[in-house]
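Quick notes on the structure that follows.
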Amino acid sequence: GAVLKDVMKGVAPVRTELQELMDVWMRVAGAEIAARAHVVGIRHDTLTVSVESAAMKQEIESFHKTGILKRLNTEFVRRRIAKLRCVMR
């Protein structure tokens with residue numbers, strides 16, 4: 001019982017942060033991108049999102065990355081996100 005509580009204390013904030021980041025992603029990425037690219041994790045200063053196609057990956061990296069990062073860092077104040085990494089599902 002006590003050991004599990006100690007473990008969960010360390011896990012709960014990560015889940016809360018990730019859930020908050022998912023919510024922010026839905027707002028800052030825009031409906032079209034958010035429908036086809038989903039947050040899968042954050043490590044250090046890098047946000048990883050899974051995308052449905054190579055075309056979507058290219059679109060985000062070429063045209064939307066800078067704006068998304070700027071908006072993320074405005075709305076997500078828990079930590080600075082410097083990189084956006086797109087991976088195929």
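Residue numbering restarts at 1 in every chain; chains get A, B, ... in the order shown in the structure tokens, and ligands count up from 1 in that same order.
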Open item on the list: I need the strand (DSSP E) residues of chain A per DSSP on the backbone, written as a list in words.
Closed with: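 DSSP on the backbone gives strand (DSSP E) at Ala37, His38, Val39, Val40, Gly41, Ile42, Arg43, Thr46, Leu47, Thr48, Val49, Ser50, Val51, Lys83, Leu84, Arg85, Cys86, Val87 and Met88 of chain A.
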Keeping only C-alpha atoms, write the selected residues to a file as a PDB file, in the first residue's frame.
```pdb
ATOM      1  CA  ALA A  37      -1.340  14.230 -35.415  1.00  0.00           C
ATOM      2  CA  HIS A  38      -1.483  13.162 -31.764  1.00  0.00           C
ATOM      3  CA  VAL A  39       0.808  13.823 -28.819  1.00  0.00           C
ATOM      4  CA  VAL A  40       2.602  10.658 -27.736  1.00  0.00           C
ATOM      5  CA  GLY A  41       5.121  12.058 -25.285  1.00  0.00           C
ATOM      6  CA  ILE A  42       7.534  14.673 -24.128  1.00  0.00           C
ATOM      7  CA  ARG A  43      11.143  14.148 -23.179  1.00  0.00           C
ATOM      8  CA  THR A  46      11.174  17.654 -27.277  1.00  0.00           C
ATOM      9  CA  LEU A  47       7.497  17.022 -27.961  1.00  0.00           C
ATOM     10  CA  THR A  48       6.793  13.902 -30.007  1.00  0.00           C
ATOM     11  CA  VAL A  49       3.630  13.573 -32.054  1.00  0.00           C
ATOM     12  CA  SER A  50       2.494  10.643 -34.162  1.00  0.00           C
ATOM     13  CA  VAL A  51       1.257  11.457 -37.644  1.00  0.00           C
ATOM     14  CA  LYS A  83      11.693  20.768 -30.611  1.00  0.00           C
ATOM     15  CA  LEU A  84       8.758  19.118 -32.314  1.00  0.00           C
ATOM     16  CA  ARG A  85       9.403  15.573 -33.500  1.00  0.00           C
ATOM     17  CA  CYS A  86       6.966  13.860 -35.861  1.00  0.00           C
ATOM     18  CA  VAL A  87       6.916  10.071 -36.087  1.00  0.00           C
ATOM     19  CA  MET A  88       4.829   7.802 -38.280  1.00  0.00           C
TER      20      MET A  88
END
```
Task: Atom-to-atom span, CA of Thr74 (chain A) and CA of Val28 (chain A), Å - done: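 Calculated distance between CA of Thr74 (chain A) and CA of Val28 (chain A) is 9.6 Å.
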- [ ] Could you tell me how far CA of Lys57 (chain A) lies from CA of His44 (chain A), in Å and to one decimal?
- [x] 21.2 Å
- [ ] Point out the residue among A:Ala54, A:Gln19, A:Val24, A:Ala35 with the least atom-to-atom distance to Val77 (chain A), counting only C-alpha atoms.
- [x]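 Closest to Val77 (chain A) of all the choices is A:Val24.
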TODO: Work out how far apart CA of Glu52 (chain A) and CA of Arg89 (chain A) are and give it in Å to one decimal.
DONE: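 So the answer is 5.8 Å.
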Alpha helix (DSSP H) call set, DSSP backbone run, chain A, as a short mmCIF file (atom, residue, chain, number, x, y, z; two decimals) with N, CA, C and O atoms, in the first residue's frame:
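In the end it all went to part36.cif:
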```cif
data_model
loop_
_atom_site.label_atom_id
_atom_site.label_comp_id
_atom_site.auth_asym_id
_atom_site.auth_seq_id
_atom_site.Cartn_x
_atom_site.Cartn_y
_atom_site.Cartn_z
N ALA A 2 1.73 1.39 0.98
CA ALA A 2 2.54 2.60 1.10
C ALA A 2 3.52 2.73 -0.06
O ALA A 2 3.76 3.83 -0.56
N VAL A 3 4.08 1.61 -0.50
CA VAL A 3 5.03 1.63 -1.62
C VAL A 3 4.31 2.10 -2.88
O VAL A 3 4.83 2.93 -3.63
N LEU A 4 3.12 1.58 -3.13
CA LEU A 4 2.36 1.98 -4.31
C LEU A 4 2.03 3.47 -4.28
O LEU A 4 2.13 4.15 -5.30
N LYS A 5 1.68 4.00 -3.11
CA LYS A 5 1.41 5.43 -2.99
C LYS A 5 2.64 6.24 -3.36
O LYS A 5 2.54 7.25 -4.05
N ASP A 6 3.81 5.81 -2.89
CA ASP A 6 5.05 6.51 -3.22
C ASP A 6 5.33 6.47 -4.72
O ASP A 6 5.75 7.45 -5.31
N VAL A 7 5.10 5.32 -5.33
CA VAL A 7 5.30 5.19 -6.78
C VAL A 7 4.33 6.10 -7.52
O VAL A 7 4.72 6.82 -8.45
N MET A 8 3.09 6.11 -7.14
CA MET A 8 2.08 6.91 -7.82
C MET A 8 2.32 8.41 -7.65
O MET A 8 1.97 9.18 -8.53
N LYS A 9 2.92 8.81 -6.55
CA LYS A 9 3.25 10.23 -6.38
C LYS A 9 4.18 10.68 -7.48
O LYS A 9 4.07 11.79 -7.98
N GLY A 10 5.11 9.84 -7.88
CA GLY A 10 6.04 10.18 -8.95
C GLY A 10 5.41 10.10 -10.33
O GLY A 10 5.81 10.79 -11.25
N VAL A 11 4.40 9.26 -10.50
CA VAL A 11 3.79 9.05 -11.81
C VAL A 11 2.69 10.08 -12.09
O VAL A 11 2.57 10.58 -13.19
N ALA A 12 1.90 10.39 -11.11
CA ALA A 12 0.74 11.26 -11.31
C ALA A 12 1.08 12.61 -11.94
O ALA A 12 0.40 13.01 -12.88
N PRO A 13 2.12 13.32 -11.50
CA PRO A 13 2.41 14.60 -12.14
C PRO A 13 2.76 14.48 -13.62
O PRO A 13 2.40 15.32 -14.42
N VAL A 14 3.41 13.40 -14.01
CA VAL A 14 3.75 13.20 -15.42
C VAL A 14 2.48 13.05 -16.24
O VAL A 14 2.33 13.64 -17.29
N ARG A 15 1.55 12.26 -15.78
CA ARG A 15 0.28 12.08 -16.49
C ARG A 15 -0.47 13.40 -16.57
O ARG A 15 -1.03 13.74 -17.61
N THR A 16 -0.50 14.14 -15.51
CA THR A 16 -1.18 15.43 -15.52
C THR A 16 -0.54 16.36 -16.53
O THR A 16 -1.23 17.02 -17.30
N GLU A 17 0.77 16.40 -16.56
CA GLU A 17 1.48 17.24 -17.52
C GLU A 17 1.19 16.81 -18.95
O GLU A 17 0.92 17.63 -19.81
N LEU A 18 1.21 15.50 -19.19
CA LEU A 18 0.95 14.99 -20.53
C LEU A 18 -0.48 15.28 -20.96
O LEU A 18 -0.72 15.69 -22.10
N GLN A 19 -1.42 15.10 -20.06
CA GLN A 19 -2.82 15.40 -20.39
C GLN A 19 -3.00 16.88 -20.70
O GLN A 19 -3.68 17.24 -21.66
N GLU A 20 -2.38 17.72 -19.90
CA GLU A 20 -2.46 19.16 -20.17
C GLU A 20 -1.86 19.48 -21.52
O GLU A 20 -2.41 20.27 -22.30
N LEU A 21 -0.74 18.87 -21.83
CA LEU A 21 -0.08 19.09 -23.11
C LEU A 21 -0.95 18.63 -24.28
O LEU A 21 -1.04 19.29 -25.31
N MET A 22 -1.64 17.51 -24.11
CA MET A 22 -2.56 17.03 -25.15
C MET A 22 -3.68 18.03 -25.38
O MET A 22 -4.06 18.31 -26.53
N ASP A 23 -4.20 18.59 -24.31
CA ASP A 23 -5.26 19.59 -24.43
C ASP A 23 -4.76 20.85 -25.14
O ASP A 23 -5.44 21.40 -26.01
N VAL A 24 -3.57 21.30 -24.77
CA VAL A 24 -2.98 22.48 -25.41
C VAL A 24 -2.73 22.19 -26.89
O VAL A 24 -3.00 23.03 -27.75
N TRP A 25 -2.22 21.00 -27.20
CA TRP A 25 -1.95 20.62 -28.59
C TRP A 25 -3.22 20.76 -29.44
O TRP A 25 -3.17 21.29 -30.55
N MET A 26 -4.34 20.31 -28.92
CA MET A 26 -5.60 20.39 -29.65
C MET A 26 -5.95 21.83 -30.01
O MET A 26 -6.47 22.10 -31.09
N ARG A 27 -5.61 22.76 -29.13
CA ARG A 27 -5.91 24.18 -29.39
C ARG A 27 -4.89 24.81 -30.34
O ARG A 27 -5.27 25.52 -31.26
N VAL A 28 -3.61 24.56 -30.11
CA VAL A 28 -2.59 25.31 -30.86
C VAL A 28 -2.28 24.72 -32.23
O VAL A 28 -1.85 25.44 -33.12
N ALA A 31 -7.57 22.41 -35.77
CA ALA A 31 -8.43 21.22 -35.88
C ALA A 31 -7.92 20.21 -36.90
O ALA A 31 -7.91 19.01 -36.63
N GLU A 32 -7.51 20.68 -38.06
CA GLU A 32 -7.08 19.76 -39.12
C GLU A 32 -5.83 18.97 -38.73
O GLU A 32 -5.77 17.75 -38.88
N ILE A 33 -4.84 19.66 -38.19
CA ILE A 33 -3.60 18.98 -37.80
C ILE A 33 -3.85 18.12 -36.57
O ILE A 33 -3.41 16.97 -36.50
N ALA A 34 -4.56 18.64 -35.58
CA ALA A 34 -4.81 17.89 -34.35
C ALA A 34 -5.59 16.60 -34.61
O ALA A 34 -5.42 15.62 -33.90
N ALA A 35 -6.41 16.59 -35.65
CA ALA A 35 -7.17 15.39 -35.99
C ALA A 35 -6.28 14.31 -36.59
O ALA A 35 -6.61 13.12 -36.52
N ARG A 36 -5.13 14.71 -37.13
CA ARG A 36 -4.26 13.74 -37.82
C ARG A 36 -2.88 13.59 -37.19
O ARG A 36 -2.06 12.82 -37.69
N ALA A 54 3.30 10.31 -44.26
CA ALA A 54 4.53 11.04 -44.57
C ALA A 54 4.20 12.46 -45.03
O ALA A 54 4.93 13.41 -44.73
N ALA A 55 3.09 12.60 -45.74
CA ALA A 55 2.68 13.92 -46.21
C ALA A 55 2.36 14.85 -45.04
O ALA A 55 2.73 16.03 -45.04
N MET A 56 1.67 14.32 -44.02
CA MET A 56 1.35 15.13 -42.84
C MET A 56 2.63 15.50 -42.10
O MET A 56 2.78 16.63 -41.64
N LYS A 57 3.55 14.56 -41.97
CA LYS A 57 4.84 14.83 -41.33
C LYS A 57 5.56 15.97 -42.04
O LYS A 57 6.04 16.92 -41.42
N GLN A 58 5.61 15.88 -43.36
CA GLN A 58 6.28 16.91 -44.16
C GLN A 58 5.58 18.26 -44.02
O GLN A 58 6.23 19.29 -43.89
N GLU A 59 4.26 18.24 -44.04
CA GLU A 59 3.50 19.49 -43.91
C GLU A 59 3.79 20.18 -42.58
O GLU A 59 4.05 21.39 -42.53
N LYS A 65 5.65 23.98 -38.04
CA LYS A 65 6.46 23.70 -36.85
C LYS A 65 6.76 24.96 -36.03
O LYS A 65 6.52 24.99 -34.83
N THR A 66 7.26 25.99 -36.67
CA THR A 66 7.64 27.21 -35.95
C THR A 66 6.45 27.85 -35.24
O THR A 66 6.54 28.20 -34.07
N GLY A 67 5.34 27.96 -35.94
CA GLY A 67 4.14 28.56 -35.34
C GLY A 67 3.58 27.73 -34.20
O GLY A 67 3.18 28.26 -33.17
N ILE A 68 3.57 26.41 -34.40
CA ILE A 68 3.07 25.52 -33.35
C ILE A 68 3.93 25.62 -32.11
O ILE A 68 3.42 25.73 -31.00
N LEU A 69 5.25 25.60 -32.29
CA LEU A 69 6.15 25.71 -31.13
C LEU A 69 5.95 27.03 -30.40
O LEU A 69 5.92 27.07 -29.16
N LYS A 70 5.80 28.10 -31.14
CA LYS A 70 5.58 29.42 -30.52
C LYS A 70 4.29 29.42 -29.70
O LYS A 70 4.27 29.86 -28.55
N ARG A 71 3.21 28.92 -30.27
CA ARG A 71 1.93 28.88 -29.56
C ARG A 71 1.98 27.92 -28.37
O ARG A 71 1.41 28.21 -27.32
N LEU A 72 2.65 26.78 -28.54
CA LEU A 72 2.79 25.83 -27.43
C LEU A 72 3.47 26.49 -26.24
O LEU A 72 3.03 26.35 -25.10
N ASN A 73 4.55 27.20 -26.51
CA ASN A 73 5.31 27.81 -25.42
C ASN A 73 4.57 28.98 -24.78
O ASN A 73 4.85 29.33 -23.64
N THR A 74 3.63 29.55 -25.49
CA THR A 74 2.80 30.60 -24.91
C THR A 74 1.75 30.01 -23.99
O THR A 74 1.50 30.51 -22.90
N GLU A 75 1.14 28.89 -24.40
CA GLU A 75 0.04 28.30 -23.64
C GLU A 75 0.46 27.23 -22.64
O GLU A 75 -0.23 27.01 -21.65
#
```
